[in-house]
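Below is upload33.cif, which holds mmCIF, C-alpha atoms and all ligand atoms.
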```
data_query
#
loop_
_atom_site.group_PDB
_atom_site.id
_atom_site.type_symbol
_atom_site.label_atom_id
_atom_site.label_comp_id
_atom_site.auth_asym_id
_atom_site.auth_seq_id
_atom_site.Cartn_x
_atom_site.Cartn_y
_atom_site.Cartn_z
ATOM 1 C CA MET I 1 26.555 -19.096 -61.672
ATOM 2 C CA SER I 2 27.132 -15.364 -61.338
ATOM 3 C CA SER I 3 29.254 -13.462 -63.812
ATOM 4 C CA ILE I 4 32.638 -11.962 -63.013
ATOM 5 C CA ALA I 5 31.076 -8.511 -63.325
ATOM 6 C CA ASP I 6 28.606 -9.530 -60.579
ATOM 7 C CA THR I 7 31.195 -11.031 -58.242
ATOM 8 C CA LEU I 8 33.464 -8.005 -58.715
ATOM 9 C CA THR I 9 30.598 -5.672 -57.834
ATOM 10 C CA HIS I 10 29.885 -7.771 -54.768
ATOM 11 C CA VAL I 11 33.505 -7.719 -53.585
ATOM 12 C CA ARG I 12 33.744 -3.962 -54.165
ATOM 13 C CA GLN I 13 30.596 -3.479 -52.085
ATOM 14 C CA GLN I 14 32.070 -5.614 -49.302
ATOM 15 C CA ILE I 15 35.198 -3.468 -49.332
ATOM 16 C CA LEU I 16 33.175 -0.246 -49.153
ATOM 17 C CA MET I 17 31.114 -1.632 -46.290
ATOM 18 C CA ALA I 18 34.231 -2.694 -44.384
ATOM 19 C CA GLU I 19 35.808 0.723 -44.938
ATOM 20 C CA ARG I 20 32.728 2.328 -43.437
ATOM 21 C CA GLN I 21 32.430 -0.176 -40.580
ATOM 22 C CA PHE I 22 36.068 0.191 -39.513
ATOM 23 C CA ASN I 23 36.351 3.954 -39.984
ATOM 24 C CA ARG I 24 38.614 3.758 -42.980
ATOM 25 C CA PRO I 25 38.352 6.497 -45.610
ATOM 26 C CA ALA I 26 36.259 5.507 -48.626
ATOM 27 C CA ASN I 27 38.395 4.006 -51.399
ATOM 28 C CA SER I 28 41.450 3.678 -49.176
ATOM 29 C CA VAL I 29 41.578 -0.066 -49.889
ATOM 30 C CA GLN I 30 42.649 -1.134 -53.364
ATOM 31 C CA LEU I 31 41.321 -4.386 -54.809
ATOM 32 C CA LEU I 32 43.953 -6.606 -56.405
ATOM 33 C CA ALA I 33 42.228 -9.337 -58.427
ATOM 34 C CA VAL I 34 44.251 -12.549 -58.105
ATOM 35 C CA SER I 35 43.980 -14.252 -61.478
ATOM 36 C CA LYS I 36 46.433 -17.144 -61.100
ATOM 37 C CA MET I 37 45.208 -20.289 -62.816
ATOM 38 C CA GLN I 38 42.394 -18.326 -64.449
ATOM 39 C CA PRO I 39 42.105 -18.110 -68.236
ATOM 40 C CA LYS I 40 42.647 -14.883 -70.163
ATOM 41 C CA THR I 41 38.918 -14.701 -70.904
ATOM 42 C CA ALA I 42 38.215 -14.358 -67.182
ATOM 43 C CA ILE I 43 40.763 -11.540 -66.912
ATOM 44 C CA ILE I 44 39.250 -9.777 -69.929
ATOM 45 C CA ASN I 45 35.797 -10.012 -68.345
ATOM 46 C CA ALA I 46 37.177 -8.422 -65.186
ATOM 47 C CA ILE I 47 38.908 -5.660 -67.175
ATOM 48 C CA LYS I 48 35.652 -4.935 -68.972
ATOM 49 C CA ALA I 49 34.007 -4.639 -65.566
ATOM 50 C CA GLY I 50 36.531 -1.939 -64.629
ATOM 51 C CA GLN I 51 39.241 -3.956 -62.847
ATOM 52 C CA THR I 52 42.772 -2.725 -63.629
ATOM 53 C CA CYS I 53 45.108 -4.489 -61.139
ATOM 54 C CA PHE I 54 45.816 -8.203 -61.311
ATOM 55 C CA GLY I 55 47.947 -10.481 -59.147
ATOM 56 C CA GLU I 56 49.757 -13.499 -60.582
ATOM 57 C CA ASN I 57 51.833 -16.213 -58.876
ATOM 58 C CA TYR I 58 53.464 -18.243 -61.638
ATOM 59 C CA VAL I 59 55.964 -16.464 -63.847
ATOM 60 C CA GLN I 60 55.556 -18.346 -67.101
ATOM 61 C CA GLU I 61 51.763 -18.320 -66.973
ATOM 62 C CA ALA I 62 51.769 -14.647 -66.017
ATOM 63 C CA VAL I 63 54.131 -13.482 -68.757
ATOM 64 C CA GLU I 64 52.033 -15.276 -71.351
ATOM 65 C CA LYS I 65 48.952 -13.386 -70.152
ATOM 66 C CA ILE I 66 50.763 -10.059 -69.856
ATOM 67 C CA GLN I 67 52.097 -10.287 -73.389
ATOM 68 C CA ALA I 68 48.750 -11.374 -74.814
ATOM 69 C CA LEU I 69 46.781 -8.583 -73.123
ATOM 70 C CA ARG I 70 49.328 -5.756 -73.326
ATOM 71 C CA VAL I 71 48.257 -4.283 -76.668
ATOM 72 C CA ASP I 72 44.511 -4.239 -76.096
ATOM 73 C CA TYR I 73 44.636 -3.343 -72.393
ATOM 74 C CA PRO I 74 47.705 -1.172 -71.752
ATOM 75 C CA GLN I 75 46.117 0.269 -68.596
ATOM 76 C CA VAL I 76 46.410 -3.022 -66.695
ATOM 77 C CA GLU I 77 48.860 -3.137 -63.784
ATOM 78 C CA TRP I 78 50.448 -6.508 -62.999
ATOM 79 C CA HIS I 79 51.489 -7.522 -59.475
ATOM 80 C CA PHE I 80 53.733 -10.511 -58.816
ATOM 81 C CA ILE I 81 52.565 -12.243 -55.620
ATOM 82 C CA GLY I 82 54.117 -15.703 -55.993
ATOM 83 C CA ALA I 83 57.233 -17.324 -54.590
ATOM 84 C CA LEU I 84 60.213 -15.352 -55.862
ATOM 85 C CA GLN I 85 62.959 -17.470 -57.435
ATOM 86 C CA THR I 86 66.345 -15.919 -58.101
ATOM 87 C CA ASN I 87 66.518 -17.243 -61.669
ATOM 88 C CA LYS I 88 63.224 -15.504 -62.497
ATOM 89 C CA THR I 89 64.046 -12.013 -61.259
ATOM 90 C CA ARG I 90 64.927 -10.659 -64.725
ATOM 91 C CA VAL I 91 61.641 -11.753 -66.266
ATOM 92 C CA ILE I 92 59.731 -10.319 -63.320
ATOM 93 C CA ALA I 93 61.645 -7.021 -63.379
ATOM 94 C CA THR I 94 60.873 -6.752 -67.093
ATOM 95 C CA HIS I 95 57.140 -7.504 -67.070
ATOM 96 C CA PHE I 96 55.609 -6.547 -63.737
ATOM 97 C CA HIS I 97 54.725 -3.229 -62.096
ATOM 98 C CA TRP I 98 54.791 -4.539 -58.521
ATOM 99 C CA VAL I 99 56.348 -7.381 -56.513
ATOM 100 C CA HIS I 100 54.729 -8.192 -53.138
ATOM 101 C CA THR I 101 56.903 -11.125 -52.118
ATOM 102 C CA LEU I 102 60.412 -9.757 -51.692
ATOM 103 C CA ASP I 103 62.150 -11.221 -48.630
ATOM 104 C CA ASN I 104 65.894 -10.941 -49.161
ATOM 105 C CA LEU I 105 68.469 -8.376 -50.210
ATOM 106 C CA LYS I 106 70.084 -10.503 -52.903
ATOM 107 C CA GLN I 107 66.867 -10.695 -54.892
ATOM 108 C CA ALA I 108 66.168 -7.017 -54.237
ATOM 109 C CA LYS I 109 69.544 -6.101 -55.742
ATOM 110 C CA ARG I 110 68.913 -8.288 -58.763
ATOM 111 C CA LEU I 111 65.466 -6.768 -59.343
ATOM 112 C CA SER I 112 66.951 -3.281 -59.144
ATOM 113 C CA GLU I 113 69.834 -4.127 -61.501
ATOM 114 C CA GLN I 114 67.550 -5.927 -63.950
ATOM 115 C CA ARG I 115 64.744 -3.364 -64.053
ATOM 116 C CA PRO I 116 64.793 -1.883 -67.574
ATOM 117 C CA GLN I 117 65.863 1.752 -67.443
ATOM 118 C CA ILE I 118 62.990 2.913 -69.633
ATOM 119 C CA LEU I 119 60.464 1.748 -67.032
ATOM 120 C CA PRO I 120 59.584 3.518 -63.776
ATOM 121 C CA PRO I 121 60.986 1.853 -60.626
ATOM 122 C CA LEU I 122 59.515 -1.535 -59.724
ATOM 123 C CA GLN I 123 57.162 -1.070 -56.750
ATOM 124 C CA VAL I 124 57.896 -3.616 -54.011
ATOM 125 C CA CYS I 125 56.636 -4.861 -50.664
ATOM 126 C CA ILE I 126 58.629 -6.876 -48.167
ATOM 127 C CA GLN I 127 56.906 -10.157 -47.350
ATOM 128 C CA VAL I 128 56.914 -10.759 -43.596
ATOM 129 C CA ASN I 129 56.529 -14.232 -42.075
ATOM 130 C CA ILE I 130 54.116 -12.674 -39.630
ATOM 131 C CA SER I 131 52.923 -15.873 -37.956
ATOM 132 C CA ALA I 132 56.528 -17.146 -37.660
ATOM 133 C CA GLU I 133 55.714 -20.382 -39.467
ATOM 134 C CA PRO I 134 58.675 -22.635 -40.241
ATOM 135 C CA GLN I 135 59.194 -23.212 -43.997
ATOM 136 C CA LYS I 136 57.051 -20.230 -44.906
ATOM 137 C CA ALA I 137 58.292 -17.470 -47.197
ATOM 138 C CA GLY I 138 58.900 -14.048 -45.759
ATOM 139 C CA VAL I 139 61.474 -12.351 -43.597
ATOM 140 C CA SER I 140 61.194 -12.693 -39.829
ATOM 141 C CA VAL I 141 59.727 -9.773 -37.909
ATOM 142 C CA ALA I 142 63.090 -9.058 -36.292
ATOM 143 C CA ASP I 143 64.848 -8.741 -39.665
ATOM 144 C CA VAL I 144 62.389 -6.380 -41.345
ATOM 145 C CA PRO I 145 63.960 -3.011 -40.355
ATOM 146 C CA ALA I 146 67.457 -3.826 -41.625
ATOM 147 C CA LEU I 147 66.124 -5.233 -44.885
ATOM 148 C CA ALA I 148 63.855 -2.222 -45.404
ATOM 149 C CA LEU I 149 66.725 0.225 -44.879
ATOM 150 C CA ALA I 150 68.940 -1.688 -47.334
ATOM 151 C CA ILE I 151 66.239 -1.979 -50.004
ATOM 152 C CA GLN I 152 65.442 1.687 -49.717
ATOM 153 C CA THR I 153 68.861 2.620 -51.129
ATOM 154 C CA LEU I 154 68.430 0.632 -54.365
ATOM 155 C CA PRO I 155 67.828 2.890 -57.375
ATOM 156 C CA ASN I 156 65.365 1.010 -59.579
ATOM 157 C CA ILE I 157 62.993 -0.443 -57.049
ATOM 158 C CA LYS I 158 60.727 1.560 -54.785
ATOM 159 C CA LEU I 159 59.857 0.117 -51.386
ATOM 160 C CA ARG I 160 56.157 0.757 -50.731
ATOM 161 C CA GLY I 161 55.388 -1.301 -47.626
ATOM 162 C CA LEU I 162 54.772 -4.737 -46.148
ATOM 163 C CA MET I 163 52.891 -7.860 -47.203
ATOM 164 C CA ALA I 164 51.895 -10.948 -45.229
ATOM 165 C CA ILE I 165 49.969 -14.199 -45.517
ATOM 166 C CA PRO I 166 49.149 -15.140 -41.907
ATOM 167 C CA ALA I 167 48.424 -18.660 -40.772
ATOM 168 C CA PRO I 168 44.729 -19.351 -41.459
ATOM 169 C CA ALA I 169 42.364 -18.604 -38.602
ATOM 170 C CA ALA I 170 38.603 -19.100 -38.506
ATOM 171 C CA ASP I 171 37.394 -16.259 -36.304
ATOM 172 C CA PHE I 172 37.648 -12.530 -36.828
ATOM 173 C CA THR I 173 39.487 -11.677 -33.599
ATOM 174 C CA THR I 174 42.232 -14.226 -34.243
ATOM 175 C CA GLN I 175 42.525 -13.077 -37.863
ATOM 176 C CA CYS I 176 43.056 -9.502 -36.697
ATOM 177 C CA GLN I 177 46.114 -10.206 -34.556
ATOM 178 C CA PRO I 178 48.786 -10.772 -37.232
ATOM 179 C CA PHE I 179 47.361 -7.951 -39.362
ATOM 180 C CA HIS I 180 47.556 -5.637 -36.359
ATOM 181 C CA LEU I 181 51.192 -6.621 -35.862
ATOM 182 C CA LEU I 182 52.024 -5.924 -39.515
ATOM 183 C CA ASN I 183 50.407 -2.502 -39.240
ATOM 184 C CA GLU I 184 52.484 -1.742 -36.130
ATOM 185 C CA MET I 185 55.633 -2.744 -37.992
ATOM 186 C CA LEU I 186 54.776 -0.385 -40.831
ATOM 187 C CA GLN I 187 54.248 2.433 -38.355
ATOM 188 C CA GLN I 188 57.616 1.705 -36.737
ATOM 189 C CA LEU I 189 59.343 1.942 -40.101
ATOM 190 C CA GLN I 190 57.518 5.177 -40.860
ATOM 191 C CA ALA I 191 58.667 6.525 -37.485
ATOM 192 C CA GLN I 192 62.239 5.725 -38.548
ATOM 193 C CA GLY I 193 61.752 8.011 -41.527
ATOM 194 C CA LEU I 194 60.841 5.554 -44.289
ATOM 195 C CA SER I 195 58.053 6.857 -46.492
ATOM 196 C CA LEU I 196 55.884 3.762 -46.868
ATOM 197 C CA ASP I 197 52.176 3.668 -47.667
ATOM 198 C CA THR I 198 51.230 0.055 -48.387
ATOM 199 C CA LEU I 199 49.922 -2.855 -46.336
ATOM 200 C CA SER I 200 49.214 -5.763 -48.704
ATOM 201 C CA MET I 201 47.120 -8.095 -46.555
ATOM 202 C CA GLY I 202 43.798 -9.888 -46.690
ATOM 203 C CA MET I 203 42.488 -12.607 -48.998
ATOM 204 C CA THR I 204 39.004 -14.001 -49.636
ATOM 205 C CA ASP I 205 38.659 -15.557 -46.182
ATOM 206 C CA ASP I 206 40.134 -12.776 -44.040
ATOM 207 C CA MET I 207 39.524 -9.581 -46.005
ATOM 208 C CA GLN I 208 37.338 -7.882 -43.371
ATOM 209 C CA ALA I 209 39.897 -8.404 -40.600
ATOM 210 C CA ALA I 210 42.664 -7.060 -42.837
ATOM 211 C CA ILE I 211 40.656 -3.936 -43.679
ATOM 212 C CA ALA I 212 39.849 -3.446 -39.996
ATOM 213 C CA GLN I 213 43.603 -3.444 -39.304
ATOM 214 C CA GLY I 214 44.622 -1.049 -42.049
ATOM 215 C CA ALA I 215 45.098 -3.000 -45.289
ATOM 216 C CA THR I 216 45.630 -0.742 -48.292
ATOM 217 C CA ILE I 217 45.671 -3.608 -50.833
ATOM 218 C CA VAL I 218 43.555 -6.755 -50.482
ATOM 219 C CA ARG I 219 44.453 -9.679 -52.735
ATOM 220 C CA ILE I 220 41.256 -11.467 -53.733
ATOM 221 C CA GLY I 221 41.001 -14.491 -56.013
ATOM 222 C CA THR I 222 38.280 -16.971 -55.133
ATOM 223 C CA ALA I 223 35.573 -14.429 -54.308
ATOM 224 C CA ILE I 224 35.968 -12.933 -57.795
ATOM 225 C CA PHE I 225 36.833 -15.833 -60.070
ATOM 226 C CA GLY I 226 35.528 -18.849 -58.133
ATOM 227 C CA ALA I 227 37.564 -21.867 -57.131
ATOM 228 C CA ARG I 228 40.822 -22.599 -58.920
ATOM 229 C CA SER I 229 41.974 -25.965 -60.191
ATOM 230 C CA ALA I 230 45.120 -27.265 -58.502
ATOM 231 C CA LYS I 231 48.474 -26.067 -59.797
ATOM 232 C CA THR I 232 50.477 -28.669 -61.674
ATOM 233 C CA GLU I 233 53.715 -26.798 -62.419
HETATM 234 C C1 LIG I 301 46.175 -17.116 -54.295
HETATM 235 C C2 LIG I 301 46.577 -15.941 -53.478
HETATM 236 C C3 LIG I 301 45.647 -14.974 -53.074
HETATM 237 C C4 LIG I 301 44.152 -15.088 -53.337
HETATM 238 O O1 LIG I 301 43.586 -16.007 -52.461
HETATM 239 P P1 LIG I 301 41.976 -16.233 -52.417
HETATM 240 O O2 LIG I 301 41.791 -16.989 -51.165
HETATM 241 O O3 LIG I 301 41.618 -16.999 -53.638
HETATM 242 O O4 LIG I 301 41.349 -14.891 -52.373
HETATM 243 C C5 LIG I 301 46.121 -13.880 -52.387
HETATM 244 N N1 LIG I 301 47.427 -13.723 -52.102
HETATM 245 C C6 LIG I 301 48.356 -14.623 -52.476
HETATM 246 C C7 LIG I 301 49.774 -14.399 -52.143
HETATM 247 C C8 LIG I 301 47.954 -15.766 -53.156
HETATM 248 O O5 LIG I 301 48.879 -16.677 -53.501
#
```

Would you kindly transcribe this structure into structure tokens?
Ligand SMILES: *Cc1c(COP(=O)(O)O)cnc(C)c1O
Amino acid sequence: MSSIADTLTHVRQQILMAERQFNRPANSVQLLAVSKMQPKTAIINAIKAGQTCFGENYVQEAVEKIQALRVDYPQVEWHFIGALQTNKTRVIATHFHWVHTLDNLKQAKRLSEQRPQILPPLQVCIQVNISAEPQKAGVSVADVPALALAIQTLPNIKLRGLMAIPAPAADFTTQCQPFHLLNEMLQQLQAQGLSLDTLSMGMTDDMQAAIAQGATIVRIGTAIFGARSAKTE
């Protein structure tokens, strides 16, 4: 079994190669290590191998890790990428640096109101239901502009861009399509005057396609930490 330092090096090399292959500037894609369901020891190994940004999905598990690692590793940046529940917004606004999964104005307002004043604004992405799947989280494509304009006025959160989890697809060309659409949406918002710089898209199985279509953050779990055990929350 390879170490986390080895798998991290491998993933970083894959990102660099994809940047080169798809004419993206070097280091224009940030690696978010998705550490949900992974023990603190795995996160510490990744930190020691130079990783500073981690994505977590489950609030209670995440806060435990954040509090345990805060003193020794103050440089770590925590990104919430799980399903956002209204009764958890205060905890999230208190402990995280980023939220990728915002899809309604009510929760945006709560995050802004609940963000502690001593902290910089919470960085957020709007999650878009890019493949228009019923039951899936994320705002519909048609509703993105209005939500973005409303969020932009809130004082303690800073809208950075868009995030999506497309329906799984096996081949590269099919994987590219929803990512291309998300990129076009970001450009439309920029053309309307919003200063956005983030496309959070791409996971272990579709990272290359996401980078080809302009991802600025890829969210990678399995390729770094190996398979996860099933969640039993
Ligand atoms: C779990 C998860 C990931 C990581 O997925 P892998 O396939 O393990 O790379 C990325 N994004 C979100 C939102 C996730 O929930």

**All residues having an atom within 12 Å of ligand LIG 301 (chain I) (all atoms listed in the file) as a ChimeraX atom specification** = /I:11,31-38,54-58,79-84,99-102,125,127-128,136-138,163-166,168,200-207,217-231

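Each of I:Leu182, I:Ile157, I:Ala170, I:Val144 was compared to Ser131 (chain I) using all atoms listed in the file, and I:Leu182 turns out to be the nearest.
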
**Message:** Between CA of Ala215 (chain I) and CA of Val141 (chain I), what is the distance in Å, rounded to a tenth?
**Reply:** 17.7 Å

Box centre and edge lengths (Å, one decimal), axis-aligned, region 58-76 of chain I plus 6 Å each side, as lines of an AutoDock Vina configuration file:
```
center_x = 50.2
center_y = -9.0
center_z = -69.2
size_x = 23.5
size_y = 30.6
size_z = 27.0
```

**Prompt:** Mind pulling up the distance from CA of Pro116 (chain I) to CA of Asn156 (chain I)?
**Reply:**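 Distance between the two atoms: 8.5 Å.
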
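Between CA of Val29 (chain I) and CA of Thr9 (chain I) the separation is 14.7 Å.
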
**Item:** Residue nearest Ile44 (chain I) - candidates I:Ala142, I:Val63, I:Ala209, I:Ala68, atoms counted: only C-alpha atoms
**Value:**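 When distances to Ile44 (chain I) are compared using only C-alpha atoms, the smallest one comes from I:Ala68.
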
**Asked** Nearest to Gln85 (chain I): which of I:Val124, I:Ile66, I:Val71, I:Ala108 is it, counting all atoms listed in the file?
**Response**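 Closest residue, counting all atoms listed in the file: I:Ala108.
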
**Residue IDs satisfying the PyMOL selection byres (((chain I and resi 5) around 12) and not hetatm), as a PyMOL selection string** = chain I and resi 1-4+6-12+42-51+223-225

**Item:** Shortest interatomic distance to Cys176 (chain I) - which of I:Leu162, I:Ala212, I:Val139, I:Ala62, counting only C-alpha atoms
**Value:**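 Answer, going by the shortest atom-to-atom distance: I:Ala212.
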
Save region 89-100 of chain I to a file: all heavy atoms, as a tab-separated table (two decimals), in the first residue's frame.
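Output below, filename out_16.tsv:
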```tsv
chain	number	residue	atom	x	y	z
I	89	THR	N	-26.00	25.74	10.32
I	89	THR	CA	-25.29	26.87	9.70
I	89	THR	C	-24.39	27.60	10.69
I	89	THR	O	-23.31	28.05	10.32
I	89	THR	CB	-26.27	27.88	9.06
I	89	THR	OG1	-27.24	28.25	10.04
I	89	THR	CG2	-26.93	27.31	7.82
I	90	ARG	N	-24.82	27.71	11.97
I	90	ARG	CA	-24.00	28.46	12.93
I	90	ARG	C	-22.66	27.76	13.17
I	90	ARG	O	-21.61	28.39	13.19
I	90	ARG	CB	-24.74	28.66	14.26
I	90	ARG	CG	-23.94	29.52	15.25
I	90	ARG	CD	-24.70	29.75	16.55
I	90	ARG	NE	-25.95	30.47	16.38
I	90	ARG	CZ	-26.07	31.78	16.22
I	90	ARG	NH1	-25.00	32.54	16.23
I	90	ARG	NH2	-27.24	32.35	16.06
I	91	VAL	N	-22.72	26.45	13.34
I	91	VAL	CA	-21.49	25.70	13.57
I	91	VAL	C	-20.56	25.82	12.36
I	91	VAL	O	-19.35	25.99	12.48
I	91	VAL	CB	-21.81	24.21	13.85
I	91	VAL	CG1	-20.55	23.45	14.20
I	91	VAL	CG2	-22.82	24.10	14.96
I	92	ILE	N	-21.14	25.75	11.18
I	92	ILE	CA	-20.33	25.84	9.96
I	92	ILE	C	-19.74	27.24	9.83
I	92	ILE	O	-18.54	27.40	9.54
I	92	ILE	CB	-21.20	25.46	8.73
I	92	ILE	CG1	-21.52	23.96	8.79
I	92	ILE	CG2	-20.48	25.81	7.43
I	92	ILE	CD1	-22.57	23.52	7.80
I	93	ALA	N	-20.55	28.26	10.07
I	93	ALA	CA	-20.06	29.64	9.95
I	93	ALA	C	-18.94	29.92	10.97
I	93	ALA	O	-18.09	30.77	10.75
I	93	ALA	CB	-21.21	30.63	10.16
I	94	THR	N	-18.96	29.19	12.06
I	94	THR	CA	-17.97	29.40	13.12
I	94	THR	C	-16.65	28.70	12.82
I	94	THR	O	-15.59	29.21	13.16
I	94	THR	CB	-18.53	28.88	14.46
I	94	THR	OG1	-19.76	29.55	14.72
I	94	THR	CG2	-17.56	29.14	15.61
I	95	HIS	N	-16.70	27.53	12.19
I	95	HIS	CA	-15.50	26.69	12.11
I	95	HIS	C	-14.85	26.59	10.74
I	95	HIS	O	-13.69	26.20	10.64
I	95	HIS	CB	-15.81	25.28	12.61
I	95	HIS	CG	-16.03	25.23	14.09
I	95	HIS	ND1	-17.28	25.29	14.66
I	95	HIS	CD2	-15.15	25.17	15.11
I	95	HIS	CE1	-17.15	25.25	15.97
I	95	HIS	NE2	-15.88	25.18	16.27
I	96	PHE	N	-15.58	26.88	9.69
I	96	PHE	CA	-15.03	26.65	8.35
I	96	PHE	C	-14.56	27.95	7.70
I	96	PHE	O	-14.99	29.05	8.08
I	96	PHE	CB	-16.09	25.99	7.45
I	96	PHE	CG	-16.26	24.52	7.73
I	96	PHE	CD1	-17.12	24.08	8.73
I	96	PHE	CD2	-15.56	23.57	6.99
I	96	PHE	CE1	-17.28	22.72	8.99
I	96	PHE	CE2	-15.71	22.22	7.24
I	96	PHE	CZ	-16.57	21.79	8.24
I	97	HIS	N	-13.67	27.79	6.70
I	97	HIS	CA	-13.21	28.92	5.89
I	97	HIS	C	-14.05	29.07	4.62
I	97	HIS	O	-14.21	30.17	4.11
I	97	HIS	CB	-11.74	28.72	5.49
I	97	HIS	CG	-10.80	28.59	6.65
I	97	HIS	ND1	-10.62	27.42	7.35
I	97	HIS	CD2	-10.00	29.50	7.24
I	97	HIS	CE1	-9.73	27.61	8.32
I	97	HIS	NE2	-9.35	28.86	8.28
I	98	TRP	N	-14.50	27.93	4.10
I	98	TRP	CA	-15.25	27.90	2.84
I	98	TRP	C	-16.48	27.02	2.99
I	98	TRP	O	-16.45	26.04	3.74
I	98	TRP	CB	-14.41	27.26	1.72
I	98	TRP	CG	-13.37	28.11	1.06
I	98	TRP	CD1	-12.20	28.56	1.60
I	98	TRP	CD2	-13.39	28.57	-0.30
I	98	TRP	NE1	-11.50	29.27	0.66
I	98	TRP	CE2	-12.19	29.29	-0.52
I	98	TRP	CE3	-14.30	28.42	-1.37
I	98	TRP	CZ2	-11.88	29.87	-1.75
I	98	TRP	CZ3	-13.99	29.01	-2.59
I	98	TRP	CH2	-12.79	29.72	-2.77
I	99	VAL	N	-17.53	27.33	2.20
I	99	VAL	CA	-18.67	26.44	2.01
I	99	VAL	C	-18.89	26.33	0.50
I	99	VAL	O	-19.05	27.34	-0.18
I	99	VAL	CB	-19.94	26.98	2.69
I	99	VAL	CG1	-21.16	26.17	2.28
I	99	VAL	CG2	-19.79	26.98	4.21
I	100	HIS	N	-18.90	25.09	-0.02
I	100	HIS	CA	-19.07	24.89	-1.47
I	100	HIS	C	-20.50	24.58	-1.87
I	100	HIS	O	-20.80	24.50	-3.06
I	100	HIS	CB	-18.20	23.72	-1.95
I	100	HIS	CG	-16.73	23.96	-1.90
I	100	HIS	ND1	-15.89	23.72	-2.96
I	100	HIS	CD2	-15.93	24.43	-0.91
I	100	HIS	CE1	-14.64	24.02	-2.63
I	100	HIS	NE2	-14.63	24.45	-1.38
```
